[in-house]
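Here is the file upload39.txt (compact mmCIF, C-alpha atoms).
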# COMPACT_ATOMS: atom_id res chain seq x y z
CA MET A 1 85.34 64.78 42.44
CA ASP A 2 87.56 67.79 41.77
CA LEU A 3 89.36 69.96 44.31
CA GLN A 4 86.92 72.87 44.09
CA GLU A 5 83.91 70.68 44.84
CA ILE A 6 85.69 69.05 47.78
CA GLU A 7 86.70 72.45 49.18
CA LYS A 8 83.12 73.69 48.83
CA ARG A 9 81.70 70.68 50.63
CA ALA A 10 84.32 70.82 53.38
CA ALA A 11 83.62 74.49 54.10
CA ALA A 12 79.87 73.89 54.22
CA MET A 13 80.15 71.06 56.73
CA MET A 14 82.52 72.80 59.16
CA PRO A 15 79.76 74.05 61.52
CA LEU A 16 78.52 70.46 61.81
CA LEU A 17 82.03 69.08 62.39
CA VAL A 18 82.79 71.72 65.03
CA GLY A 19 79.55 70.83 66.78
CA GLN A 20 80.52 67.16 66.76
CA LEU A 21 83.96 68.01 68.13
CA GLU A 22 82.31 69.96 70.96
CA ARG A 23 80.14 66.94 71.71
CA LEU A 24 83.15 64.61 71.81
CA VAL A 25 85.33 66.89 73.95
CA ALA A 26 82.57 66.94 76.57
CA VAL A 27 83.08 63.22 77.24
CA PRO A 28 86.07 62.62 79.61
CA SER A 29 87.14 59.38 77.92
CA VAL A 30 90.26 58.74 80.00
CA ALA A 31 91.09 55.03 79.71
CA PHE A 32 93.81 55.07 82.37
CA PRO A 33 93.42 52.63 85.29
CA GLY A 34 91.59 54.19 88.21
CA TYR A 35 89.43 56.51 86.13
CA PRO A 36 85.67 55.97 85.71
CA GLU A 37 84.78 53.47 83.01
CA GLU A 38 81.39 54.95 82.10
CA PRO A 39 82.71 57.96 80.13
CA VAL A 40 84.94 55.75 77.98
CA HIS A 41 82.03 53.43 77.17
CA GLU A 42 79.90 56.51 76.45
CA MET A 43 82.58 57.78 74.10
CA ALA A 44 82.76 54.43 72.31
CA ALA A 45 78.98 54.41 71.84
CA THR A 46 78.89 58.03 70.64
CA THR A 47 81.75 57.48 68.22
CA LEU A 48 80.09 54.33 66.90
CA GLU A 49 76.87 56.25 66.29
CA LEU A 50 78.62 59.08 64.44
CA PHE A 51 80.55 56.79 62.13
CA ARG A 52 77.48 54.74 61.30
CA GLU A 53 75.80 57.99 60.24
CA VAL A 54 78.52 58.77 57.67
CA GLY A 55 78.43 55.47 55.81
CA PHE A 56 80.02 52.80 58.00
CA SER A 57 76.76 50.91 58.43
CA ASP A 58 78.52 47.82 59.76
CA ALA A 59 80.60 49.70 62.36
CA ARG A 60 80.82 47.64 65.51
CA LEU A 61 82.61 47.31 68.82
CA MET A 62 85.06 44.44 68.65
CA ASP A 63 85.47 41.88 71.39
CA VAL A 64 88.79 42.12 73.23
CA PRO A 65 89.93 40.11 76.27
CA THR A 66 90.64 43.19 78.37
CA GLY A 67 90.12 46.94 78.29
CA TYR A 68 87.97 49.11 76.06
CA PRO A 69 86.87 47.87 72.63
CA PRO A 70 88.20 49.14 69.32
CA ILE A 71 85.67 50.09 66.64
CA TYR A 72 85.97 48.36 63.27
CA ALA A 73 84.08 48.94 60.04
CA GLU A 74 84.26 48.69 56.25
CA ALA A 75 82.68 50.80 53.53
CA ALA A 76 82.96 49.12 50.14
CA GLY A 77 84.18 51.12 47.18
CA PRO A 78 84.06 50.19 43.50
CA PRO A 79 85.27 46.66 42.67
CA GLY A 80 89.02 46.53 42.32
CA SER A 81 89.58 49.90 43.96
CA PRO A 82 92.38 50.38 46.50
CA VAL A 83 91.74 49.58 50.14
CA VAL A 84 92.46 52.34 52.65
CA MET A 85 92.30 51.98 56.43
CA LEU A 86 91.58 55.04 58.57
CA TYR A 87 93.02 55.10 62.10
CA ALA A 88 92.34 57.36 65.08
CA HIS A 89 91.64 56.88 68.79
CA TYR A 90 88.74 57.90 71.00
CA ASP A 91 90.47 57.89 74.39
CA VAL A 92 92.31 60.91 75.79
CA GLN A 93 94.94 61.89 78.33
CA PRO A 94 93.87 62.87 81.87
CA ALA A 95 93.41 66.57 82.59
CA PRO A 96 94.11 67.05 86.33
CA PRO A 97 93.63 70.54 87.83
CA GLU A 98 97.30 70.75 88.78
CA GLN A 99 98.19 70.97 85.08
CA GLY A 100 96.98 74.57 85.21
CA TRP A 101 94.10 74.68 82.74
CA THR A 102 92.66 78.16 82.14
CA SER A 103 89.29 76.75 81.04
CA ASP A 104 87.28 73.61 81.73
CA PRO A 105 89.10 70.78 79.90
CA TRP A 106 85.80 68.98 79.27
CA THR A 107 84.14 71.95 77.59
CA ALA A 108 85.13 72.94 74.07
CA VAL A 109 85.94 76.64 74.47
CA HIS A 110 86.35 78.97 71.48
CA LYS A 111 88.93 81.64 72.32
CA ASP A 112 89.90 84.89 70.63
CA ASP A 113 92.79 83.27 68.77
CA GLY A 114 90.29 81.20 66.79
CA ARG A 115 91.33 77.91 68.36
CA ILE A 116 89.09 75.41 70.16
CA TYR A 117 90.36 74.43 73.62
CA GLY A 118 89.65 71.22 75.51
CA ARG A 119 91.16 67.86 76.30
CA GLY A 120 91.24 65.76 73.16
CA ALA A 121 90.33 68.66 70.87
CA ALA A 122 93.51 67.88 68.93
CA ASP A 123 94.60 64.46 70.24
CA ASP A 124 92.70 62.72 68.89
CA LYS A 125 89.08 63.79 68.71
CA GLY A 126 90.16 66.26 66.06
CA GLY A 127 91.35 63.23 64.10
CA LEU A 128 88.00 61.49 64.57
CA VAL A 129 86.18 64.54 63.24
CA ALA A 130 88.52 64.72 60.23
CA HIS A 131 87.61 61.11 59.37
CA LEU A 132 83.90 61.90 59.76
CA GLY A 133 84.27 64.86 57.41
CA THR A 134 86.17 62.78 54.87
CA MET A 135 83.32 60.29 54.63
CA ARG A 136 80.73 63.08 54.45
CA ILE A 137 82.50 64.57 51.43
CA PHE A 138 81.46 61.45 49.51
CA ASP A 139 78.05 61.06 51.17
CA GLY A 140 79.27 57.79 52.64
CA ARG A 141 80.20 56.32 49.23
CA PRO A 142 83.99 56.77 48.92
CA PRO A 143 85.84 56.12 45.64
CA CYS A 144 87.98 53.51 47.40
CA THR A 145 87.14 50.74 49.81
CA VAL A 146 87.62 52.30 53.24
CA LYS A 147 88.22 50.35 56.43
CA LEU A 148 88.07 51.94 59.85
CA ILE A 149 89.87 51.15 63.10
CA LEU A 150 89.37 53.40 66.10
CA GLU A 151 91.32 52.57 69.23
CA GLY A 152 90.02 53.01 72.77
CA MET A 153 93.28 52.68 74.73
CA GLU A 154 95.98 54.45 72.73
CA GLU A 155 96.99 56.75 75.58
CA THR A 156 97.50 53.91 78.07
CA GLU A 157 98.29 50.19 77.78
CA SER A 158 97.02 49.53 74.26
CA ASN A 159 95.08 46.34 73.60
CA LEU A 160 94.96 46.92 69.86
CA GLU A 161 98.34 45.37 69.09
CA ALA A 162 97.18 42.00 70.39
CA PHE A 163 93.91 42.42 68.47
CA VAL A 164 95.80 43.05 65.22
CA GLU A 165 98.00 40.02 65.81
CA ALA A 166 94.91 37.86 66.45
CA HIS A 167 92.98 39.19 63.42
CA PRO A 168 95.51 40.20 60.74
CA GLU A 169 92.97 39.55 57.97
CA LEU A 170 90.97 42.60 59.07
CA PHE A 171 93.92 44.90 58.48
CA GLN A 172 94.85 44.01 54.92
CA CYS A 173 94.95 47.21 52.88
CA ASP A 174 97.00 49.27 50.47
CA VAL A 175 97.35 52.39 52.62
CA PHE A 176 97.00 53.16 56.32
CA ILE A 177 95.97 56.74 57.08
CA VAL A 178 96.95 57.59 60.66
CA CYS A 179 95.24 60.86 61.59
CA ASP A 180 97.04 61.37 64.90
CA MET A 181 99.81 63.79 63.95
CA GLY A 182 100.01 67.36 62.72
CA ASN A 183 101.94 70.11 60.99
CA LEU A 184 104.78 71.95 62.68
CA ALA A 185 102.70 75.13 62.43
CA VAL A 186 99.18 75.96 61.25
CA GLY A 187 99.01 76.28 57.49
CA GLU A 188 102.42 74.71 56.83
CA PRO A 189 101.79 71.19 55.47
CA VAL A 190 104.09 68.29 56.35
CA LEU A 191 103.92 64.53 56.19
CA THR A 192 105.30 62.78 59.25
CA THR A 193 107.82 60.25 58.00
CA ALA A 194 109.71 59.21 61.14
CA LEU A 195 108.79 58.51 64.76
CA ARG A 196 111.20 58.04 67.62
CA GLY A 197 110.81 54.94 69.74
CA ASP A 198 110.72 54.84 73.51
CA VAL A 199 112.60 52.63 75.95
CA ALA A 200 112.29 52.91 79.70
CA CYS A 201 113.70 51.51 82.90
CA VAL A 202 113.65 52.02 86.66
CA VAL A 203 117.05 52.52 88.27
CA THR A 204 117.45 51.92 92.00
CA VAL A 205 120.48 53.25 93.89
CA ARG A 206 121.33 51.90 97.37
CA THR A 207 124.14 53.15 99.61
CA LEU A 208 123.13 52.25 103.20
CA GLU A 209 121.48 49.37 105.02
CA HIS A 210 119.18 51.81 106.81
CA PRO A 211 118.71 55.56 107.37
CA LEU A 212 121.43 57.38 109.32
CA HIS A 213 121.48 60.66 111.26
CA SER A 214 122.69 63.27 108.76
CA GLY A 215 124.60 65.21 111.40
CA VAL A 216 126.46 62.21 112.76
CA PHE A 217 127.17 60.46 109.45
CA GLY A 218 126.63 63.08 106.73
CA GLY A 219 129.72 63.77 104.61
CA PRO A 220 131.66 60.53 104.53
CA ALA A 221 128.56 58.31 104.23
CA PRO A 222 127.01 58.72 100.76
CA ASP A 223 123.33 59.55 100.60
CA ALA A 224 121.37 57.48 98.02
CA MET A 225 119.42 60.42 96.64
CA MET A 226 122.54 62.51 96.06
CA SER A 227 124.24 59.46 94.54
CA LEU A 228 121.27 58.96 92.24
CA ALA A 229 121.49 62.62 91.22
CA ARG A 230 125.19 62.20 90.40
CA LEU A 231 124.41 59.09 88.37
CA LEU A 232 121.65 60.81 86.41
CA SER A 233 123.91 63.78 85.68
CA THR A 234 126.27 61.48 83.75
CA LEU A 235 123.59 60.84 81.14
CA HIS A 236 124.23 64.22 79.48
CA ASP A 237 127.35 66.16 78.57
CA ALA A 238 127.95 69.78 79.51
CA ASP A 239 125.93 70.99 76.50
CA GLY A 240 122.93 68.83 77.34
CA ASN A 241 123.49 66.15 74.69
CA VAL A 242 122.92 62.50 75.62
CA ALA A 243 126.28 61.02 76.64
CA VAL A 244 125.45 57.31 76.62
CA ASP A 245 127.93 55.24 74.63
CA GLY A 246 126.37 53.01 71.99
CA VAL A 247 123.07 54.82 71.44
CA SER A 248 122.18 55.70 67.86
CA SER A 249 122.22 59.27 66.59
CA GLY A 250 121.91 61.08 63.26
CA GLU A 251 120.98 64.32 61.50
CA TRP A 252 117.56 65.55 60.34
CA THR A 253 117.31 66.96 56.82
CA GLY A 254 113.56 67.56 56.47
CA ALA A 255 111.32 70.41 57.63
CA ASP A 256 112.50 72.07 60.81
CA LEU A 257 111.39 74.30 63.66
CA SER A 258 113.28 77.49 64.43
CA ALA A 259 114.72 77.82 67.91
CA ALA A 260 112.45 80.82 68.51
CA ASP A 261 109.31 78.93 67.49
CA PHE A 262 110.30 75.97 69.61
CA GLU A 263 110.99 78.14 72.65
CA ALA A 264 107.61 79.82 72.25
CA SER A 265 105.74 76.52 71.98
CA ALA A 266 107.64 74.99 74.92
CA ASP A 267 106.78 77.93 77.24
CA LEU A 268 110.24 78.04 78.83
CA LEU A 269 110.49 80.06 82.01
CA ASP A 270 112.34 83.37 81.90
CA GLY A 271 116.08 82.81 81.77
CA VAL A 272 115.88 79.11 80.82
CA THR A 273 117.87 78.24 77.70
CA LEU A 274 117.59 75.32 75.31
CA ALA A 275 119.73 72.25 75.96
CA GLY A 276 121.79 70.35 73.41
CA THR A 277 123.45 71.30 70.15
CA GLY A 278 122.36 71.04 66.53
CA SER A 279 119.12 72.00 64.81
CA ILE A 280 115.81 71.58 66.62
CA GLY A 281 114.70 68.96 64.09
CA THR A 282 117.90 66.97 64.62
CA GLN A 283 117.50 67.03 68.39
CA LEU A 284 113.83 66.10 68.26
CA TRP A 285 113.77 63.44 65.54
CA ALA A 286 117.31 62.18 64.87
CA ARG A 287 118.97 62.06 68.29
CA PRO A 288 118.07 60.34 71.53
CA SER A 289 116.78 62.12 74.61
CA VAL A 290 116.72 60.93 78.22
CA SER A 291 114.26 62.16 80.83
CA ALA A 292 113.67 61.25 84.46
CA ILE A 293 109.88 60.97 84.49
CA GLY A 294 109.48 59.84 88.10
CA VAL A 295 111.43 59.68 91.35
CA ASP A 296 110.75 57.72 94.56
CA MET A 297 112.30 58.73 97.88
CA THR A 298 111.20 60.27 101.15
CA SER A 299 108.64 63.02 100.63
CA ILE A 300 109.27 66.53 101.93
CA ALA A 301 106.34 66.17 104.31
CA GLY A 302 107.81 62.97 105.73
CA SER A 303 111.44 64.06 105.78
CA SER A 304 113.73 64.22 108.79
CA ASN A 305 117.47 64.74 109.34
CA VAL A 306 118.57 61.39 107.96
CA LEU A 307 120.62 60.13 105.05
CA ILE A 308 118.47 58.30 102.47
CA PRO A 309 119.47 54.63 102.03
CA GLU A 310 117.64 54.04 98.74
CA ALA A 311 116.29 56.16 95.88
CA ARG A 312 114.71 55.23 92.56
CA ALA A 313 114.05 56.99 89.28
CA LYS A 314 112.12 55.99 86.19
CA LEU A 315 113.94 56.94 83.00
CA SER A 316 112.48 57.31 79.53
CA MET A 317 114.81 57.43 76.54
CA ARG A 318 113.45 58.38 73.13
CA ILE A 319 115.39 56.56 70.42
CA VAL A 320 115.93 57.46 66.78
CA PRO A 321 114.13 55.96 63.76
CA GLY A 322 115.90 52.90 62.43
CA SER A 323 117.39 51.86 65.78
CA ASP A 324 116.85 48.61 67.67
CA PRO A 325 115.06 49.24 70.99
CA VAL A 326 116.68 46.24 72.66
CA ARG A 327 120.18 47.40 71.76
CA GLU A 328 119.43 51.00 72.74
CA LEU A 329 118.10 49.97 76.14
CA ASP A 330 121.12 47.69 76.59
CA ALA A 331 123.35 50.73 76.13
CA LEU A 332 121.39 52.77 78.68
CA VAL A 333 121.46 49.97 81.24
CA ALA A 334 125.19 49.42 80.73
CA HIS A 335 125.83 53.13 81.29
CA LEU A 336 123.83 53.19 84.52
CA GLU A 337 125.51 50.07 85.87
CA SER A 338 129.02 51.33 85.05
CA HIS A 339 128.72 54.90 86.39
CA ALA A 340 127.70 54.25 89.97
CA PRO A 341 129.27 56.91 92.26
CA PHE A 342 131.13 55.83 95.40
CA GLY A 343 130.52 52.15 94.62
CA ALA A 344 126.78 52.49 95.17
CA GLN A 345 124.67 49.44 94.39
CA VAL A 346 122.73 50.01 91.17
CA GLU A 347 119.85 47.83 90.06
CA VAL A 348 118.07 48.45 86.74
CA GLN A 349 114.64 47.07 85.86
CA ARG A 350 113.72 47.25 82.16
CA THR A 351 110.10 48.35 81.70
CA LYS A 352 109.54 49.32 78.03
CA GLN A 353 110.97 48.70 74.57
CA ALA A 354 108.76 50.49 72.02
CA PRO A 355 110.25 50.48 68.51
CA PRO A 356 110.70 53.57 66.34
CA PHE A 357 109.08 53.79 62.92
CA ARG A 358 110.03 55.12 59.52
CA CYS A 359 107.61 55.54 56.61
CA ALA A 360 108.55 54.54 53.08
CA THR A 361 108.33 57.62 50.87
CA ASP A 362 108.79 56.06 47.43
CA GLY A 363 105.39 54.45 46.82
CA PRO A 364 102.26 55.55 44.96
CA GLY A 365 100.34 56.09 48.20
CA TYR A 366 102.92 58.53 49.50
CA ASP A 367 103.03 60.34 46.16
CA ALA A 368 99.25 60.66 46.23
CA ALA A 369 99.31 61.92 49.81
CA ARG A 370 101.95 64.52 49.05
CA ALA A 371 99.90 65.78 46.10
CA ALA A 372 96.69 65.81 48.16
CA LEU A 373 98.29 67.74 51.00
CA ALA A 374 99.74 70.31 48.61
CA GLU A 375 96.31 70.76 47.02
CA ALA A 376 94.61 71.20 50.39
CA TYR A 377 97.10 73.84 51.58
CA GLY A 378 98.00 75.46 48.28
CA LYS A 379 101.72 74.93 48.83
CA PRO A 380 104.23 72.03 48.67
CA ALA A 381 104.27 69.61 51.58
CA GLY A 382 107.47 68.99 53.54
CA GLU A 383 108.55 66.10 55.76
CA ALA A 384 108.82 66.11 59.53
CA GLY A 385 109.50 63.68 62.32
CA SER A 386 107.70 63.06 65.58
CA GLY A 387 109.08 62.52 69.04
CA GLY A 388 106.06 60.42 69.97
CA SER A 389 106.13 56.67 69.51
CA ILE A 390 103.26 54.54 68.22
CA PRO A 391 104.30 50.88 68.65
CA LEU A 392 101.05 49.85 66.92
CA LEU A 393 102.48 50.96 63.57
CA ARG A 394 105.14 48.26 63.64
CA THR A 395 102.43 45.69 64.46
CA LEU A 396 100.32 46.89 61.54
CA GLN A 397 103.37 46.74 59.28
CA ASP A 398 104.01 43.16 60.33
CA ALA A 399 100.36 42.28 59.65
CA CYS A 400 100.36 43.94 56.21
CA PRO A 401 103.96 44.34 55.00
CA THR A 402 103.05 45.77 51.58
CA ALA A 403 100.89 48.63 52.89
CA GLU A 404 102.04 52.25 52.88
CA PHE A 405 101.61 54.57 55.89
CA ILE A 406 100.41 58.15 55.73
CA LEU A 407 100.88 60.02 59.02
CA TRP A 408 99.23 63.43 59.39
CA GLY A 409 96.48 65.21 61.29
CA PRO A 410 95.23 68.47 62.87
CA GLU A 411 97.64 68.54 65.86
CA ASP A 412 99.99 71.40 64.99
CA VAL A 413 103.18 71.15 67.05
CA ALA A 414 103.52 74.88 67.70
CA LYS A 415 100.31 75.43 69.66
CA SER A 416 98.23 72.27 70.17
CA ARG A 417 99.90 71.35 73.50
CA ILE A 418 98.71 67.76 73.37
CA HIS A 419 98.96 65.92 76.72
CA ALA A 420 99.37 69.29 78.48
CA SER A 421 97.11 72.00 79.85
CA ASP A 422 95.06 74.10 77.44
CA GLU A 423 95.21 71.58 74.62
CA SER A 424 93.67 73.09 71.50
CA VAL A 425 93.09 72.71 67.78
CA ASP A 426 92.78 75.21 64.98
CA PRO A 427 89.56 74.30 63.13
CA SER A 428 91.18 75.33 59.85
CA GLU A 429 93.54 72.36 60.26
CA ILE A 430 90.56 70.00 60.57
CA GLU A 431 89.07 71.47 57.40
CA LYS A 432 92.35 71.13 55.52
CA MET A 433 92.73 67.52 56.67
CA VAL A 434 89.24 66.68 55.43
CA ILE A 435 90.18 68.11 52.04
CA ALA A 436 93.55 66.33 51.98
CA GLN A 437 92.09 62.96 52.93
CA ALA A 438 89.29 63.26 50.40
CA ARG A 439 91.75 64.22 47.66
CA LEU A 440 93.99 61.31 48.64
CA LEU A 441 91.11 58.86 48.12
CA VAL A 442 90.36 60.46 44.75
CA HIS A 443 94.02 60.21 43.68
CA LEU A 444 94.27 56.58 44.78
CA ALA A 445 91.09 55.67 42.93
CA GLY A 446 92.35 57.48 39.84
CA THR A 447 95.65 55.65 39.92
CA THR A 448 93.82 52.33 39.88
CA ALA A 449 91.57 53.45 37.06
CA GLU A 450 94.55 54.59 35.00
CA GLY A 451 96.25 51.27 35.57
CA ALA A 452 93.16 49.36 34.50
CA ALA A 453 92.83 51.52 31.36
CA ALA A 454 96.45 50.88 30.45
CA ARG A 455 95.91 47.15 30.71
Take the structure in the file and give it back as structure tokens.
Amino acid sequence: MDLQEIEKRAAAMMPLLVGQLERLVAVPSVAFPGYPEEPVHEMAATTLELFREVGFSDARLMDVPTGYPPIYAEAAGPPGSPVVMLYAHYDVQPAPPEQGWTSDPWTAVHKDDGRIYGRGAADDKGGLVAHLGTMRIFDGRPPCTVKLILEGMEETESNLEAFVEAHPELFQCDVFIVCDMGNLAVGEPVLTTALRGDVACVVTVRTLEHPLHSGVFGGPAPDAMMSLARLLSTLHDADGNVAVDGVSSGEWTGADLSAADFEASADLLDGVTLAGTGSIGTQLWARPSVSAIGVDMTSIAGSSNVLIPEARAKLSMRIVPGSDPVRELDALVAHLESHAPFGAQVEVQRTKQAPPFRCATDGPGYDAARAALAEAYGKPAGEAGSGGSIPLLRTLQDACPTAEFILWGPEDVAKSRIHASDESVDPSEIEKMVIAQARLLVHLAGTTAEGAAAR
């Protein structure tokens, strides 16, 4: 099928795909503990129904020991054709009112800027819809054998890694297509080739055996919260760069964001400047970052005039592609333990060691994807990184070491605001991804045919 026919079919089906996206956004499929289970099961059933309609007649919910089930399916292509596995996830992040949504997160709202707003519109129900459209291009009969894996717990404690390890035979393929990424900006095609990893720990600082009157003891007696603040401040230098000895760092040479575009997408408050030095791409995808994502101490409502004896913070450090998460976390822990102010007792509990990931870019699958993306957008495709980590990719790589990974999707970095309030997707990105994925399957099938003819 040529490019013009695929473009024609993709344009014609967009009203249907937008309607399906609206249907999916309306289901609050939050898989986090403490949230209702019914919407997630509803989402699994709805997703299963939609994918059966587009050619995955054997699509089924897979048995897992705990949590929500992944969906697995296969659609056979011509004998000897390449095997491609499509990945996306049907669960979403929470959307609490305090995030500041300007429209109902569980209603797909079309706004004047042409984007569709709602939780999951981009991450990753937009990816689900792109896969549905890809199969519809071929009327459910793709030119390659296509496998499908849709995760139900990507945003929380994933159960898919254990499932892959228990059933590696299901995941044997030539190419994984992970539709859970996006371009840096709408209309500017990039392939994601590197993902930072994520390590985390909880640091506890203790200075006193019990609370003390701040007027009687304040000054000479160190307060645990202030000591914790001093400790955390040592994690960055005066410019805002991570100052932890032994952590890996590098330079990014692919596609980049301008400082102005990044500032606009980050919605910095008036007067707030960017931290760190170097290009935005280097800071995001080739250097570590450390954030305090939670703090435990006395609440303001429960406060009184006492010195705090103990304070805790949870730290998340994004680590660069190619680094070892164990070694990187070792360096962070060593820094915390060796920079305690005033001899404070410091205890560090390690909580997460998610590896980074780097895609090979020298295989036939990547070449085909680059060509397909350029065809879909009418311009050459660049390369970008991602600050998000997907530990599943390393598990898939271990299960099928010879497979190539294609990481892309409709979640443009500039405006999608995934995980935040007013998440949105530009429907043109969904349409372009349908075209790109369809063209990728055509290219892969053609490569196999050419090889067979040569033999």
Write out as CSV the residues of range 39-95 of chain A that have any atom within 12 Å of an atom of range 99-116 of chain A, one row each with the nearest atom pair and its distance in Å to one decimal, counting all atoms listed in the file, sorted by chain and then rising number.
residue,atom,partner,partner_atom,distance
A:Pro39,CA,A:Trp106,CA,11.5
A:Val92,CA,A:Trp106,CA,10.9
A:Gln93,CA,A:Pro105,CA,10.8
A:Pro94,CA,A:Pro105,CA,9.4
A:Ala95,CA,A:Pro105,CA,6.6
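Residue nearest Ala275 in chain A within the list A:Glu49, A:Glu423, A:Glu155, A:Asp239: A:Asp239 [criterion: smallest interatomic distance, all atoms listed in the file].
Of the listed residues A:Gly276, A:Pro401, A:Gly55, A:Gly77, the one whose atoms come nearest to Phe171 in chain A is A:Pro401, with distances taken using only C-alpha atoms.
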Self-check item: Selected residue, from A:Leu61, A:Pro325, A:Asp245, A:Asp180, that lies nearest to Val199 in chain A when counting only C-alpha atoms
Solution: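 For Val199 in chain A, the nearest of the candidates is A:Pro325.
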Write out as a tab-separated table the residues of range 387-415 of chain A that have any atom within 12 Å of an atom of range 158-161 of chain A, one row each with the nearest atom pair and its distance in Å to one decimal, counting only C-alpha atoms, sorted by chain and then rising number.
residue	atom	partner	partner_atom	distance
A:Ile390	CA	A:Ser158	CA	10.0
A:Pro391	CA	A:Glu161	CA	8.1
A:Leu392	CA	A:Glu161	CA	5.7
A:Leu393	CA	A:Glu161	CA	8.9
A:Arg394	CA	A:Glu161	CA	9.2
A:Thr395	CA	A:Glu161	CA	6.2
A:Leu396	CA	A:Glu161	CA	8.0
A:Gln397	CA	A:Glu161	CA	11.1
A:Asp398	CA	A:Glu161	CA	10.7
A:Ala399	CA	A:Glu161	CA	10.1
Exercise. Scan for residues within 10 Å of the point (101.5, 55.8, 47.0) in the coordinates of the file, using all atoms listed in the file, and reply as number ranges by chain.
Key: A: 174-175, 360-370, 403-406, 440, 443-444, 447
Practice problem: Counting only C-alpha atoms, select every polymer residue within 12 Å of (113.7, 69.4, 59.3) as defined in the file's coordinates, and provide the selection as a list in words. | Solution: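 Taken together, the residues in range are Asn183, Leu184, Val190, Leu191, Thr192, Thr193, Ala194, Glu251, Trp252, Thr253, Gly254, Ala255, Asp256, Leu257, Ser258, Gly278, Ser279, Ile280, Gly281, Thr282, Gln283, Leu284, Trp285, Ala286, Gly382, Glu383, Ala384, Gly385 and Ser386 of chain A.
A straight line drawn from CA of Met153 in chain A to CA of Ser289 in chain A is 25.3 Å long.
Residues within 6 Å of Met85 in chain A, counting all atoms listed in the file and excluding same-chain residues fewer than 3 positions away, are Val146, Lys147, Leu148 and Phe176 of chain A.
Residues in contact range of Val27 in chain A, defined as at most 8 Å between all atoms listed in the file, with sequence neighbours fewer than 3 positions away removed, read Arg23, Leu24, Pro39, Val40, Glu42, Met43 and Trp106 of chain A.
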Practice problem: Extract, using all atoms listed in the file, all DNA, RNA and protein residues at most 12 Å from Gln4 in chain A, discarding same-chain residues fewer than 6 positions from it, and format them as a PyMOL selection string. | Solution: chain A and resi 10-11+137+375-376+435+438-439
Where's the centre, and what are the edge lengths in Å to one decimal, of a box along x, y and z enclosing all listed atoms of range 171-180 of chain A padded 8 Å per side, as lines of an AutoDock Vina configuration file?
center_x = 95.6
center_y = 52.7
center_z = 57.7
size_x = 19.4
size_y = 33.4
size_z = 30.4
Exercise. May I ask for the distance between CA of Cys201 in chain A and CA of Val290 in chain A, given in Å to one decimal place?
Key: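 Going from CA of Cys201 in chain A over to CA of Val290 in chain A covers 10.9 Å.
Remark: for Ile293 in chain A, the closest of the candidate residues A:Cys144, A:Ala44, A:Ala185, A:Leu315 is A:Leu315 (distances computed over all atoms listed in the file).
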Quiz item: For Ser338 in chain A, which residue among A:Thr234, A:Thr402, A:Thr273, A:Ser248 is the nearest when counting only C-alpha atoms?
Solution: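 Closest to Ser338 in chain A of all the choices is A:Thr234.
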